[in-house]
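**Student:** File name model-v9.pdb; file contents PDB, C-alpha atoms; full text below.
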```
MODEL        1
ATOM      1  CA  MET A   1     -16.520  15.987  21.475
ATOM      2  CA  THR A   2     -19.691  18.072  21.718
ATOM      3  CA  SER A   3     -20.705  17.455  18.087
ATOM      4  CA  ALA A   4     -19.557  13.835  17.937
ATOM      5  CA  LYS A   5     -22.191  11.103  17.792
ATOM      6  CA  ILE A   6     -21.084   8.288  20.084
ATOM      7  CA  HIS A   7     -23.321   5.283  20.549
ATOM      8  CA  PRO A   8     -24.085   4.626  24.230
ATOM      9  CA  THR A   9     -22.551   1.146  24.036
ATOM     10  CA  ALA A  10     -19.231   2.435  22.649
ATOM     11  CA  ILE A  11     -16.301   2.823  25.060
ATOM     12  CA  VAL A  12     -14.340   5.990  24.290
ATOM     13  CA  ASP A  13     -11.576   6.981  26.693
ATOM     14  CA  THR A  14     -11.973  10.508  28.004
ATOM     15  CA  ALA A  15      -8.390  11.263  26.946
ATOM     16  CA  ALA A  16      -9.077  10.393  23.285
ATOM     17  CA  ARG A  17      -9.193  13.378  20.934
ATOM     18  CA  ILE A  18     -12.363  13.214  18.873
ATOM     19  CA  GLY A  19     -13.008  15.776  16.120
ATOM     20  CA  SER A  20     -16.249  17.444  15.204
ATOM     21  CA  ASP A  21     -19.003  15.441  13.526
ATOM     22  CA  VAL A  22     -17.272  12.111  14.200
ATOM     23  CA  GLU A  23     -19.569   9.094  14.499
ATOM     24  CA  ILE A  24     -18.620   6.113  16.662
ATOM     25  CA  GLY A  25     -20.859   3.087  16.389
ATOM     26  CA  PRO A  26     -22.103   0.418  18.789
ATOM     27  CA  PHE A  27     -19.611  -1.569  20.881
ATOM     28  CA  SER A  28     -16.557   0.160  19.436
ATOM     29  CA  ILE A  29     -13.562   0.831  21.691
ATOM     30  CA  VAL A  30     -11.330   3.898  21.369
ATOM     31  CA  GLY A  31      -8.246   4.130  23.573
ATOM     32  CA  PRO A  32      -6.678   7.108  25.336
ATOM     33  CA  GLN A  33      -3.890   7.755  22.807
ATOM     34  CA  VAL A  34      -6.226   7.939  19.815
ATOM     35  CA  ALA A  35      -6.960  11.045  17.755
ATOM     36  CA  ILE A  36      -9.791  10.952  15.192
ATOM     37  CA  GLY A  37     -10.281  13.815  12.749
ATOM     38  CA  GLU A  38     -13.554  15.482  11.860
ATOM     39  CA  ASN A  39     -16.260  13.807   9.790
ATOM     40  CA  THR A  40     -14.789  10.346  10.284
ATOM     41  CA  ILE A  41     -17.225   7.463  10.734
ATOM     42  CA  VAL A  42     -16.259   4.533  12.947
ATOM     43  CA  GLN A  43     -18.798   1.754  12.572
ATOM     44  CA  SER A  44     -19.646  -0.991  15.056
ATOM     45  CA  HIS A  45     -17.291  -3.304  16.958
ATOM     46  CA  VAL A  46     -14.173  -1.384  15.895
ATOM     47  CA  VAL A  47     -11.129  -1.427  18.197
ATOM     48  CA  ILE A  48      -8.655   1.473  17.978
ATOM     49  CA  GLU A  49      -5.869   1.074  20.521
ATOM     50  CA  GLY A  50      -2.339   2.271  21.139
ATOM     51  CA  GLU A  51      -1.160   5.554  19.658
ATOM     52  CA  VAL A  52      -3.229   6.154  16.534
ATOM     53  CA  GLU A  53      -3.770   9.327  14.520
ATOM     54  CA  ILE A  54      -6.661   9.259  12.039
ATOM     55  CA  GLY A  55      -7.373  12.220   9.771
ATOM     56  CA  SER A  56     -10.670  13.588   8.522
ATOM     57  CA  GLY A  57     -13.365  12.107   6.325
ATOM     58  CA  ASN A  58     -12.459   8.461   6.839
ATOM     59  CA  LEU A  59     -14.817   5.485   6.996
ATOM     60  CA  ILE A  60     -13.758   2.632   9.267
ATOM     61  CA  GLY A  61     -15.857  -0.473   8.777
ATOM     62  CA  HIS A  62     -17.411  -2.904  11.215
ATOM     63  CA  GLY A  63     -14.954  -4.986  13.207
ATOM     64  CA  ALA A  64     -11.768  -3.277  12.030
ATOM     65  CA  ILE A  65      -8.816  -3.303  14.432
ATOM     66  CA  ILE A  66      -6.349  -0.422  14.215
ATOM     67  CA  GLY A  67      -3.235   0.058  16.333
ATOM     68  CA  ALA A  68      -2.897  -3.452  17.732
ATOM     69  CA  PRO A  69       0.650  -4.537  18.677
ATOM     70  CA  PRO A  70       2.788  -5.833  15.808
ATOM     71  CA  GLN A  71       3.096  -9.560  15.189
ATOM     72  CA  ASP A  72       6.780  -9.490  16.065
ATOM     73  CA  ILE A  73       8.044 -11.758  18.832
ATOM     74  CA  SER A  74      10.769  -9.223  19.694
ATOM     75  CA  PHE A  75       8.250  -6.432  20.341
ATOM     76  CA  SER A  76       8.086  -4.996  23.835
ATOM     77  CA  PRO A  77       4.779  -3.448  24.971
ATOM     78  CA  GLU A  78       6.563  -0.434  26.470
ATOM     79  CA  ARG A  79       7.855   0.705  23.066
ATOM     80  CA  LYS A  80       6.300   3.895  21.761
ATOM     81  CA  THR A  81       5.087   3.168  18.245
ATOM     82  CA  LYS A  82       2.051   4.307  16.312
ATOM     83  CA  VAL A  83      -0.306   4.203  13.329
ATOM     84  CA  ALA A  84      -0.807   7.341  11.228
ATOM     85  CA  ILE A  85      -3.739   7.449   8.787
ATOM     86  CA  GLY A  86      -4.509  10.392   6.490
ATOM     87  CA  ASN A  87      -7.766  11.677   5.061
ATOM     88  CA  ASN A  88     -10.681  10.290   3.063
ATOM     89  CA  ASN A  89      -9.734   6.638   3.343
ATOM     90  CA  ILE A  90     -12.214   3.776   3.212
ATOM     91  CA  ILE A  91     -11.173   0.964   5.541
ATOM     92  CA  ARG A  92     -13.751  -1.752   5.240
ATOM     93  CA  GLU A  93     -14.911  -4.369   7.693
ATOM     94  CA  TYR A  94     -12.439  -6.543   9.598
ATOM     95  CA  CYS A  95      -9.290  -4.863   8.297
ATOM     96  CA  THR A  96      -6.313  -5.078  10.669
ATOM     97  CA  ILE A  97      -3.652  -2.371  10.803
ATOM     98  CA  HIS A  98      -0.812  -2.946  13.276
ATOM     99  CA  ARG A  99       1.367  -0.247  14.771
ATOM    100  CA  GLY A 100       5.137  -0.005  14.237
ATOM    101  CA  THR A 101       7.579  -2.310  15.945
ATOM    102  CA  ALA A 102      10.843  -0.332  16.369
ATOM    103  CA  GLU A 103      10.915   2.438  18.973
ATOM    104  CA  GLY A 104       9.433   5.638  17.563
ATOM    105  CA  SER A 105       8.324   4.029  14.298
ATOM    106  CA  ALA A 106       4.925   4.081  12.615
ATOM    107  CA  THR A 107       2.686   2.276  10.180
ATOM    108  CA  LYS A 108       1.531   4.909   7.684
ATOM    109  CA  ILE A 109      -1.472   5.150   5.371
ATOM    110  CA  GLY A 110      -1.890   8.216   3.173
ATOM    111  CA  ASN A 111      -5.023   9.698   1.622
ATOM    112  CA  ASN A 112      -7.896   8.466  -0.552
ATOM    113  CA  ASN A 113      -7.087   4.785  -0.205
ATOM    114  CA  PHE A 114      -9.563   1.914  -0.336
ATOM    115  CA  LEU A 115      -8.824  -1.088   1.870
ATOM    116  CA  MET A 116     -11.416  -3.760   1.206
ATOM    117  CA  ALA A 117     -12.733  -6.285   3.723
ATOM    118  CA  GLY A 118     -10.228  -8.390   5.615
ATOM    119  CA  ALA A 119      -7.045  -6.681   4.392
ATOM    120  CA  HIS A 120      -4.074  -6.911   6.762
ATOM    121  CA  ILE A 121      -1.498  -4.109   6.952
ATOM    122  CA  GLY A 122       1.479  -5.293   8.973
ATOM    123  CA  HIS A 123       3.752  -3.207  11.162
ATOM    124  CA  ASN A 124       5.697  -0.358   9.557
ATOM    125  CA  CYS A 125       3.986  -0.638   6.192
ATOM    126  CA  GLU A 126       3.774   2.607   4.238
ATOM    127  CA  ILE A 127       0.780   2.989   1.927
ATOM    128  CA  GLY A 128       0.756   6.016  -0.379
ATOM    129  CA  ASN A 129      -2.299   7.721  -1.857
ATOM    130  CA  ASN A 130      -5.108   6.430  -4.088
ATOM    131  CA  VAL A 131      -4.139   2.812  -3.464
ATOM    132  CA  VAL A 132      -6.689   0.000  -3.699
ATOM    133  CA  ILE A 133      -6.027  -3.093  -1.564
ATOM    134  CA  ALA A 134      -8.691  -5.673  -2.325
ATOM    135  CA  ASN A 135     -10.270  -8.233  -0.023
ATOM    136  CA  ASN A 136      -8.048 -10.412   2.137
ATOM    137  CA  CYS A 137      -4.710  -9.073   0.915
ATOM    138  CA  LEU A 138      -1.905  -9.741   3.394
ATOM    139  CA  LEU A 139       0.962  -7.270   3.716
ATOM    140  CA  ALA A 140       3.799  -8.332   6.000
ATOM    141  CA  GLY A 141       5.950  -5.855   7.904
ATOM    142  CA  TYR A 142       7.715  -2.943   6.203
ATOM    143  CA  VAL A 143       5.939  -3.294   2.843
ATOM    144  CA  GLN A 144       5.894  -0.029   0.882
ATOM    145  CA  VAL A 145       3.071   0.589  -1.613
ATOM    146  CA  ASP A 146       3.369   3.640  -3.849
ATOM    147  CA  ASP A 147       0.574   5.849  -5.162
ATOM    148  CA  GLY A 148      -2.147   4.422  -7.377
ATOM    149  CA  ALA A 149      -1.266   0.744  -7.008
ATOM    150  CA  PHE A 150      -4.020  -1.880  -7.184
ATOM    151  CA  LEU A 151      -3.490  -5.099  -5.206
ATOM    152  CA  GLY A 152      -5.868  -7.855  -6.256
ATOM    153  CA  GLY A 153      -7.842  -9.832  -3.709
ATOM    154  CA  GLY A 154      -6.225 -12.614  -1.734
ATOM    155  CA  SER A 155      -2.666 -11.646  -2.702
ATOM    156  CA  THR A 156       0.271 -11.852  -0.302
ATOM    157  CA  PHE A 157       3.357  -9.662   0.014
ATOM    158  CA  HIS A 158       6.611 -10.529   1.783
ATOM    159  CA  GLN A 159       8.162  -8.255   4.379
ATOM    160  CA  PHE A 160      10.394  -5.394   3.207
ATOM    161  CA  MET A 161       9.217  -5.492  -0.399
ATOM    162  CA  HIS A 162       8.393  -2.378  -2.412
ATOM    163  CA  ILE A 163       5.444  -2.026  -4.811
ATOM    164  CA  GLY A 164       5.887   0.794  -7.291
ATOM    165  CA  ARG A 165       3.451   3.421  -8.508
ATOM    166  CA  LEU A 166       0.436   2.303 -10.557
ATOM    167  CA  VAL A 167       1.322  -1.376 -10.303
ATOM    168  CA  MET A 168      -1.599  -3.688 -11.104
ATOM    169  CA  VAL A 169      -1.552  -7.007  -9.215
ATOM    170  CA  GLN A 170      -3.816  -9.881 -10.205
ATOM    171  CA  GLY A 171      -5.776 -11.525  -7.406
ATOM    172  CA  SER A 172      -4.521 -14.644  -5.617
ATOM    173  CA  SER A 173      -0.886 -13.817  -6.386
ATOM    174  CA  ALA A 174       2.180 -13.904  -4.126
ATOM    175  CA  PHE A 175       5.302 -11.777  -4.135
ATOM    176  CA  GLY A 176       8.630 -11.691  -2.337
ATOM    177  CA  LYS A 177      10.535  -9.389  -4.704
ATOM    178  CA  ASP A 178      10.025  -5.730  -5.578
ATOM    179  CA  LEU A 179       7.529  -4.732  -8.275
ATOM    180  CA  PRO A 180       8.720  -1.814 -10.435
ATOM    181  CA  PRO A 181       6.275   1.006 -11.158
ATOM    182  CA  PHE A 182       3.762   0.747 -14.002
ATOM    183  CA  VAL A 183       3.840  -3.062 -14.396
ATOM    184  CA  VAL A 184       1.174  -5.751 -14.420
ATOM    185  CA  ALA A 185       2.094  -8.571 -12.033
ATOM    186  CA  ALA A 186       0.522 -11.937 -11.258
ATOM    187  CA  GLU A 187       0.993 -15.504 -10.039
ATOM    188  CA  ARG A 188       4.199 -15.947  -8.008
ATOM    189  CA  ASN A 189       6.841 -13.246  -8.414
ATOM    190  CA  SER A 190       6.001 -12.695 -12.082
ATOM    191  CA  VAL A 191       5.746  -9.538 -14.178
ATOM    192  CA  PHE A 192       3.597  -9.771 -17.315
ATOM    193  CA  GLY A 193       3.938  -6.379 -18.986
ATOM    194  CA  VAL A 194       3.185  -2.676 -18.700
ATOM    195  CA  ASN A 195      -0.045  -1.447 -17.093
ATOM    196  CA  VAL A 196      -1.060   0.468 -20.215
ATOM    197  CA  VAL A 197      -4.690   0.873 -19.196
ATOM    198  CA  GLY A 198      -3.678   2.250 -15.805
ATOM    199  CA  LEU A 199      -1.263   4.702 -17.427
ATOM    200  CA  ARG A 200      -3.974   5.996 -19.768
ATOM    201  CA  ARG A 201      -6.452   6.392 -16.930
ATOM    202  CA  ALA A 202      -3.838   8.248 -14.910
ATOM    203  CA  GLY A 203      -3.390  10.747 -17.744
ATOM    204  CA  PHE A 204       0.096   9.778 -18.918
ATOM    205  CA  SER A 205       0.902  11.237 -22.323
ATOM    206  CA  THR A 206       1.546   9.066 -25.373
ATOM    207  CA  LYS A 207       5.229  10.075 -25.192
ATOM    208  CA  ASP A 208       5.553   9.034 -21.553
ATOM    209  CA  ARG A 209       3.768   5.729 -22.190
ATOM    210  CA  GLU A 210       6.065   4.925 -25.111
ATOM    211  CA  GLU A 211       9.148   5.770 -23.070
ATOM    212  CA  ILE A 212       7.975   3.543 -20.203
ATOM    213  CA  LYS A 213       7.491   0.707 -22.703
ATOM    214  CA  ALA A 214      10.984   1.295 -24.065
ATOM    215  CA  ALA A 215      12.474   1.255 -20.564
ATOM    216  CA  PHE A 216      10.539  -1.931 -19.789
ATOM    217  CA  LYS A 217      11.875  -3.625 -22.928
ATOM    218  CA  LEU A 218      15.393  -2.493 -22.114
ATOM    219  CA  VAL A 219      15.251  -4.137 -18.683
ATOM    220  CA  TYR A 220      13.188  -7.227 -19.451
ATOM    221  CA  LEU A 221      13.531  -8.013 -23.169
ATOM    222  CA  SER A 222      16.919  -6.746 -24.362
ATOM    223  CA  GLY A 223      18.967  -9.725 -23.173
ATOM    224  CA  LEU A 224      21.112  -7.417 -21.032
ATOM    225  CA  ASN A 225      21.617  -7.982 -17.339
ATOM    226  CA  ILE A 226      20.231  -5.378 -14.946
ATOM    227  CA  SER A 227      23.492  -3.441 -14.603
ATOM    228  CA  GLN A 228      23.969  -3.289 -18.354
ATOM    229  CA  ALA A 229      20.367  -2.248 -18.947
ATOM    230  CA  LEU A 230      20.636   0.543 -16.386
ATOM    231  CA  GLN A 231      23.904   1.747 -17.916
ATOM    232  CA  ASN A 232      22.270   1.892 -21.343
ATOM    233  CA  GLY A 233      19.191   3.580 -19.892
ATOM    234  CA  ALA A 234      21.333   6.295 -18.336
ATOM    235  CA  THR A 235      22.404   7.405 -21.826
ATOM    236  CA  MET A 236      18.827   7.682 -23.162
ATOM    237  CA  ASN A 237      16.810  10.877 -23.200
ATOM    238  CA  PHE A 238      13.933   9.567 -21.102
ATOM    239  CA  GLY A 239      11.395  11.757 -19.333
ATOM    240  CA  ALA A 240      10.519  11.564 -15.649
ATOM    241  CA  PRO A 241       8.192   8.504 -15.694
ATOM    242  CA  ALA A 242      10.593   6.223 -17.584
ATOM    243  CA  ARG A 243      13.405   7.508 -15.410
ATOM    244  CA  GLU A 244      11.278   6.668 -12.345
ATOM    245  CA  PHE A 245      10.983   3.084 -13.637
ATOM    246  CA  LEU A 246      14.756   2.743 -14.103
ATOM    247  CA  ASP A 247      15.627   4.474 -10.829
ATOM    248  CA  PHE A 248      13.311   2.129  -8.934
ATOM    249  CA  ILE A 249      15.133  -0.873 -10.392
ATOM    250  CA  GLY A 250      18.509   0.639  -9.606
ATOM    251  CA  ASN A 251      17.469   1.051  -5.966
ATOM    252  CA  ALA A 252      15.912  -2.420  -5.581
ATOM    253  CA  LYS A 253      18.879  -3.926  -3.797
ATOM    254  CA  LYS A 254      17.403  -5.673  -0.773
ATOM    255  CA  ARG A 255      14.891  -7.951  -2.499
ATOM    256  CA  ALA A 256      15.671  -7.494  -6.238
ATOM    257  CA  ILE A 257      12.840  -7.174  -8.777
ATOM    258  CA  CYS A 258      10.285  -9.688  -9.982
ATOM    259  CA  PRO A 259      11.275 -11.242 -13.329
ATOM    260  CA  LEU A 260       9.240 -11.320 -16.525
ATOM    261  CA  LYS A 261       7.301 -14.516 -17.138
ATOM    262  CA  ARG A 262       8.541 -15.581 -20.539
ATOM    263  CA  GLY A 263       5.917 -16.351 -23.158
ATOM    264  CA  ALA A 264       3.151 -14.662 -21.171
ATOM    265  CA  ILE A 265       3.605 -11.109 -22.423
ATOM    266  CA  GLU A 266       1.107  -9.803 -24.956
ATOM    267  CA  GLU A 267       1.639  -7.044 -27.484
ATOM    268  CA  ARG A 268      -1.350  -5.068 -26.174
ATOM    269  CA  SER A 269       0.429  -4.642 -22.810
ATOM    270  CA  LEU A 270       3.466  -3.152 -24.545
TER     271      LEU A 270
ENDMDL
END
```
Show this structure as structure tokens.

**Tutor:**
Amino acid sequence: MTSAKIHPTAIVDTAARIGSDVEIGPFSIVGPQVAIGENTIVQSHVVIEGEVEIGSGNLIGHGAIIGAPPQDISFSPERKTKVAIGNNNIIREYCTIHRGTAEGSATKIGNNNFLMAGAHIGHNCEIGNNVVIANNCLLAGYVQVDDGAFLGGGSTFHQFMHIGRLVMVQGSSAFGKDLPPFVVAAERNSVFGVNVVGLRRAGFSTKDREEIKAAFKLVYLSGLNISQALQNGATMNFGAPAREFLDFIGNAKKRAICPLKRGAIEERSL
């Protein structure tokens, strides 16, 4: 802790592991089971409690609370659960990230994510890399968000749901079913098309984009049921991204997938 900058009003337990060049701002509290990697900035009035591992190069905004007990009435304080956060994340002011609920479990956040003000990450969520979670999004327990997803402000996500890679969610939406990779989603449990702009920005080739569109049409616009569409898709010579789309749907057993909102799809999204 010799090179850390800790404000005199901050309370940092002597057992906490603080990396080099860490900054901890006024009135923040860091508990004994916390590890903070080098070059991480913890601003004012932050509370980091319980077992929490934070990597390097993160920014944790004013008033954030990380590692608080899960909002689960069956949780027992003696359970050993944790929060694990990677590197180069921006966690803005007043975000809440709760630790896992089952013994030995963790809430996990990867690298290079941007959590905007007031986002809530419930117990046992798993956030991938390069994810943007806009202001006041609410993620219930066990939500999985894959790489590159964008969750619009004020949206809510039911427990145990899965949000696929590069999904684009419109603000003020609500979801209780899984969202397959590469889709645009909005309103309540509705898919509107393929996230073509996101695919281009992510460097997907024309061939991969066209195959994803074909897989999307097979599932949502062919008139086949899901089983039939997946059977047909298995016979097609799709590359990895389109296959990822179909495999996601085949594995979406617990909550099923969000349906297409009929009449809302536009040609430019396909």

**Student:** Selected by the PyMOL selection byres ((chain A and resi 20) around 8) in the shown coordinates: which residues, as a PyMOL selection string?

**Tutor:** chain A and resi 1-4+18-19+21-22+37-39

**Student:** Deliver the residues from the most recent selection as a file, using C-alpha atoms, as a PDB file, in the frame of the given file.

**Tutor:**
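Output file out-v7.pdb is given in full below:
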```
ATOM      1  CA  MET A   1     -16.520  15.987  21.475  1.00  0.00           C
ATOM      2  CA  THR A   2     -19.691  18.072  21.718  1.00  0.00           C
ATOM      3  CA  SER A   3     -20.705  17.455  18.087  1.00  0.00           C
ATOM      4  CA  ALA A   4     -19.557  13.835  17.937  1.00  0.00           C
ATOM      5  CA  ILE A  18     -12.363  13.214  18.873  1.00  0.00           C
ATOM      6  CA  GLY A  19     -13.008  15.776  16.120  1.00  0.00           C
ATOM      7  CA  ASP A  21     -19.003  15.441  13.526  1.00  0.00           C
ATOM      8  CA  VAL A  22     -17.272  12.111  14.200  1.00  0.00           C
ATOM      9  CA  GLY A  37     -10.281  13.815  12.749  1.00  0.00           C
ATOM     10  CA  GLU A  38     -13.554  15.482  11.860  1.00  0.00           C
ATOM     11  CA  ASN A  39     -16.260  13.807   9.790  1.00  0.00           C
TER      12      ASN A  39
END
```

**Student:** Which residues of region 108-211 of chain A come within 10 Å of region 217-240 of chain A, and for each one, what is the closest pair of atoms and their distance in Å to one decimal, counting only C-alpha atoms, sorted by chain and residue number, as a tab-separated table?

**Tutor:**
```
residue	atom	partner	partner_atom	distance
A:Val191	CA	A:Tyr220	CA	9.4
A:Gly193	CA	A:Lys217	CA	9.3
A:Val194	CA	A:Lys217	CA	9.7
A:Lys207	CA	A:Gly239	CA	8.7
A:Asp208	CA	A:Gly239	CA	6.8
A:Glu210	CA	A:Phe238	CA	10.0
A:Glu211	CA	A:Phe238	CA	6.4
```

**Student:** Can you pull out the residues contacting Gly153 (chain A)? Cut-off 8 Å, using only C-alpha atoms, and skip same-chain residues under 3 positions away; I want them as a ChimeraX atom specification.

**Tutor:** /A:133-137,170-172

**Student:** What residues come out when you apply the PyMOL selection byres ((chain A and resi 89-106) around 9) to this file, written as a ChimeraX atom specification?

**Tutor:** /A:43,46,50-52,55-72,74-76,79-88,107-126,130,136,141-142

**Student:** For the selection you just gave me, I'd like the residues written to a file as a PDB file, keeping the file's coordinate frame, keeping C-alpha atoms.

**Tutor:**
```pdb
ATOM      1  CA  GLN A  43     -18.798   1.754  12.572  1.00  0.00           C
ATOM      2  CA  VAL A  46     -14.173  -1.384  15.895  1.00  0.00           C
ATOM      3  CA  GLY A  50      -2.339   2.271  21.139  1.00  0.00           C
ATOM      4  CA  GLU A  51      -1.160   5.554  19.658  1.00  0.00           C
ATOM      5  CA  VAL A  52      -3.229   6.154  16.534  1.00  0.00           C
ATOM      6  CA  GLY A  55      -7.373  12.220   9.771  1.00  0.00           C
ATOM      7  CA  SER A  56     -10.670  13.588   8.522  1.00  0.00           C
ATOM      8  CA  GLY A  57     -13.365  12.107   6.325  1.00  0.00           C
ATOM      9  CA  ASN A  58     -12.459   8.461   6.839  1.00  0.00           C
ATOM     10  CA  LEU A  59     -14.817   5.485   6.996  1.00  0.00           C
ATOM     11  CA  ILE A  60     -13.758   2.632   9.267  1.00  0.00           C
ATOM     12  CA  GLY A  61     -15.857  -0.473   8.777  1.00  0.00           C
ATOM     13  CA  HIS A  62     -17.411  -2.904  11.215  1.00  0.00           C
ATOM     14  CA  GLY A  63     -14.954  -4.986  13.207  1.00  0.00           C
ATOM     15  CA  ALA A  64     -11.768  -3.277  12.030  1.00  0.00           C
ATOM     16  CA  ILE A  65      -8.816  -3.303  14.432  1.00  0.00           C
ATOM     17  CA  ILE A  66      -6.349  -0.422  14.215  1.00  0.00           C
ATOM     18  CA  GLY A  67      -3.235   0.058  16.333  1.00  0.00           C
ATOM     19  CA  ALA A  68      -2.897  -3.452  17.732  1.00  0.00           C
ATOM     20  CA  PRO A  69       0.650  -4.537  18.677  1.00  0.00           C
ATOM     21  CA  PRO A  70       2.788  -5.833  15.808  1.00  0.00           C
ATOM     22  CA  GLN A  71       3.096  -9.560  15.189  1.00  0.00           C
ATOM     23  CA  ASP A  72       6.780  -9.490  16.065  1.00  0.00           C
ATOM     24  CA  SER A  74      10.769  -9.223  19.694  1.00  0.00           C
ATOM     25  CA  PHE A  75       8.250  -6.432  20.341  1.00  0.00           C
ATOM     26  CA  SER A  76       8.086  -4.996  23.835  1.00  0.00           C
ATOM     27  CA  ARG A  79       7.855   0.705  23.066  1.00  0.00           C
ATOM     28  CA  LYS A  80       6.300   3.895  21.761  1.00  0.00           C
ATOM     29  CA  THR A  81       5.087   3.168  18.245  1.00  0.00           C
ATOM     30  CA  LYS A  82       2.051   4.307  16.312  1.00  0.00           C
ATOM     31  CA  VAL A  83      -0.306   4.203  13.329  1.00  0.00           C
ATOM     32  CA  ALA A  84      -0.807   7.341  11.228  1.00  0.00           C
ATOM     33  CA  ILE A  85      -3.739   7.449   8.787  1.00  0.00           C
ATOM     34  CA  GLY A  86      -4.509  10.392   6.490  1.00  0.00           C
ATOM     35  CA  ASN A  87      -7.766  11.677   5.061  1.00  0.00           C
ATOM     36  CA  ASN A  88     -10.681  10.290   3.063  1.00  0.00           C
ATOM     37  CA  THR A 107       2.686   2.276  10.180  1.00  0.00           C
ATOM     38  CA  LYS A 108       1.531   4.909   7.684  1.00  0.00           C
ATOM     39  CA  ILE A 109      -1.472   5.150   5.371  1.00  0.00           C
ATOM     40  CA  GLY A 110      -1.890   8.216   3.173  1.00  0.00           C
ATOM     41  CA  ASN A 111      -5.023   9.698   1.622  1.00  0.00           C
ATOM     42  CA  ASN A 112      -7.896   8.466  -0.552  1.00  0.00           C
ATOM     43  CA  ASN A 113      -7.087   4.785  -0.205  1.00  0.00           C
ATOM     44  CA  PHE A 114      -9.563   1.914  -0.336  1.00  0.00           C
ATOM     45  CA  LEU A 115      -8.824  -1.088   1.870  1.00  0.00           C
ATOM     46  CA  MET A 116     -11.416  -3.760   1.206  1.00  0.00           C
ATOM     47  CA  ALA A 117     -12.733  -6.285   3.723  1.00  0.00           C
ATOM     48  CA  GLY A 118     -10.228  -8.390   5.615  1.00  0.00           C
ATOM     49  CA  ALA A 119      -7.045  -6.681   4.392  1.00  0.00           C
ATOM     50  CA  HIS A 120      -4.074  -6.911   6.762  1.00  0.00           C
ATOM     51  CA  ILE A 121      -1.498  -4.109   6.952  1.00  0.00           C
ATOM     52  CA  GLY A 122       1.479  -5.293   8.973  1.00  0.00           C
ATOM     53  CA  HIS A 123       3.752  -3.207  11.162  1.00  0.00           C
ATOM     54  CA  ASN A 124       5.697  -0.358   9.557  1.00  0.00           C
ATOM     55  CA  CYS A 125       3.986  -0.638   6.192  1.00  0.00           C
ATOM     56  CA  GLU A 126       3.774   2.607   4.238  1.00  0.00           C
ATOM     57  CA  ASN A 130      -5.108   6.430  -4.088  1.00  0.00           C
ATOM     58  CA  ASN A 136      -8.048 -10.412   2.137  1.00  0.00           C
ATOM     59  CA  GLY A 141       5.950  -5.855   7.904  1.00  0.00           C
ATOM     60  CA  TYR A 142       7.715  -2.943   6.203  1.00  0.00           C
TER      61      TYR A 142
END
```

**Student:** So which residues touch Ile24 (chain A) within 8 Å, counting only C-alpha atoms, skipping near sequence neighbours fewer than 5 positions away, as a list in words?

**Tutor:**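 Those residues are Ala4, Lys5, Ile6, His7, Ala10, Ile41, Val42, Gln43 and Ser44 of chain A.
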
**Student:** For a test of reading the model, state the distance in Å between CA of Gly128 (chain A) and CA of Leu246 (chain A), rounded to one decimal.

**Tutor:** 19.9 Å

**Student:** Could you give me, as a list in words, the residues that sit within 8 Å of (9.0, -5.5, -11.3) in the file's coordinates, counting all atoms listed in the file?

**Tutor:**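 The residues near that point, listed by chain and number, are Lys177, Asp178, Leu179, Pro180, Pro181, Val183, Ala185, Ser190, Val191, Ile249, Ile257, Cys258, Pro259 and Leu260 of chain A.
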
**Student:** What does the distance between CA of Gln144 (chain A) and CA of Phe160 (chain A) come to in Å, to one decimal place?

**Tutor:**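 Taking CA of Gln144 (chain A) as the start and CA of Phe160 (chain A) as the end point, the length is 7.4 Å.
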
**Student:** What separation in Å, quoted to one decimal, exists between CA of Ala252 (chain A) and CA of Val131 (chain A)?

**Tutor:**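 Value for the CA of Ala252 (chain A)-CA of Val131 (chain A) distance: 20.8 Å.
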
**Student:** Given the PyMOL selection byres ((chain A and resi 156) around 9) and the file above, list the residues it selects as a VMD selection string.

**Tutor:** chain A and resid 136 to 140 154 to 155 157 to 158 172 to 176

**Student:** Counting all atoms listed in the file, select every polymer residue within 9 Å of (-2.3, 8.2, -13.2) as defined in the file's coordinates, and provide the selection as a ChimeraX atom specification.

**Tutor:** /A:147-148,165-166,198-204

**Student:** Store the residues picked out above, limited to C-alpha atoms, as a compact mmCIF listing (two decimals), in the coordinates of the input.

**Tutor:**
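Wrote part21.txt, looks like this:
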```
# COMPACT_ATOMS: atom_id res chain seq x y z
CA ASP A 147 0.57 5.85 -5.16
CA GLY A 148 -2.15 4.42 -7.38
CA ARG A 165 3.45 3.42 -8.51
CA LEU A 166 0.44 2.30 -10.56
CA GLY A 198 -3.68 2.25 -15.80
CA LEU A 199 -1.26 4.70 -17.43
CA ARG A 200 -3.97 6.00 -19.77
CA ARG A 201 -6.45 6.39 -16.93
CA ALA A 202 -3.84 8.25 -14.91
CA GLY A 203 -3.39 10.75 -17.74
CA PHE A 204 0.10 9.78 -18.92
```
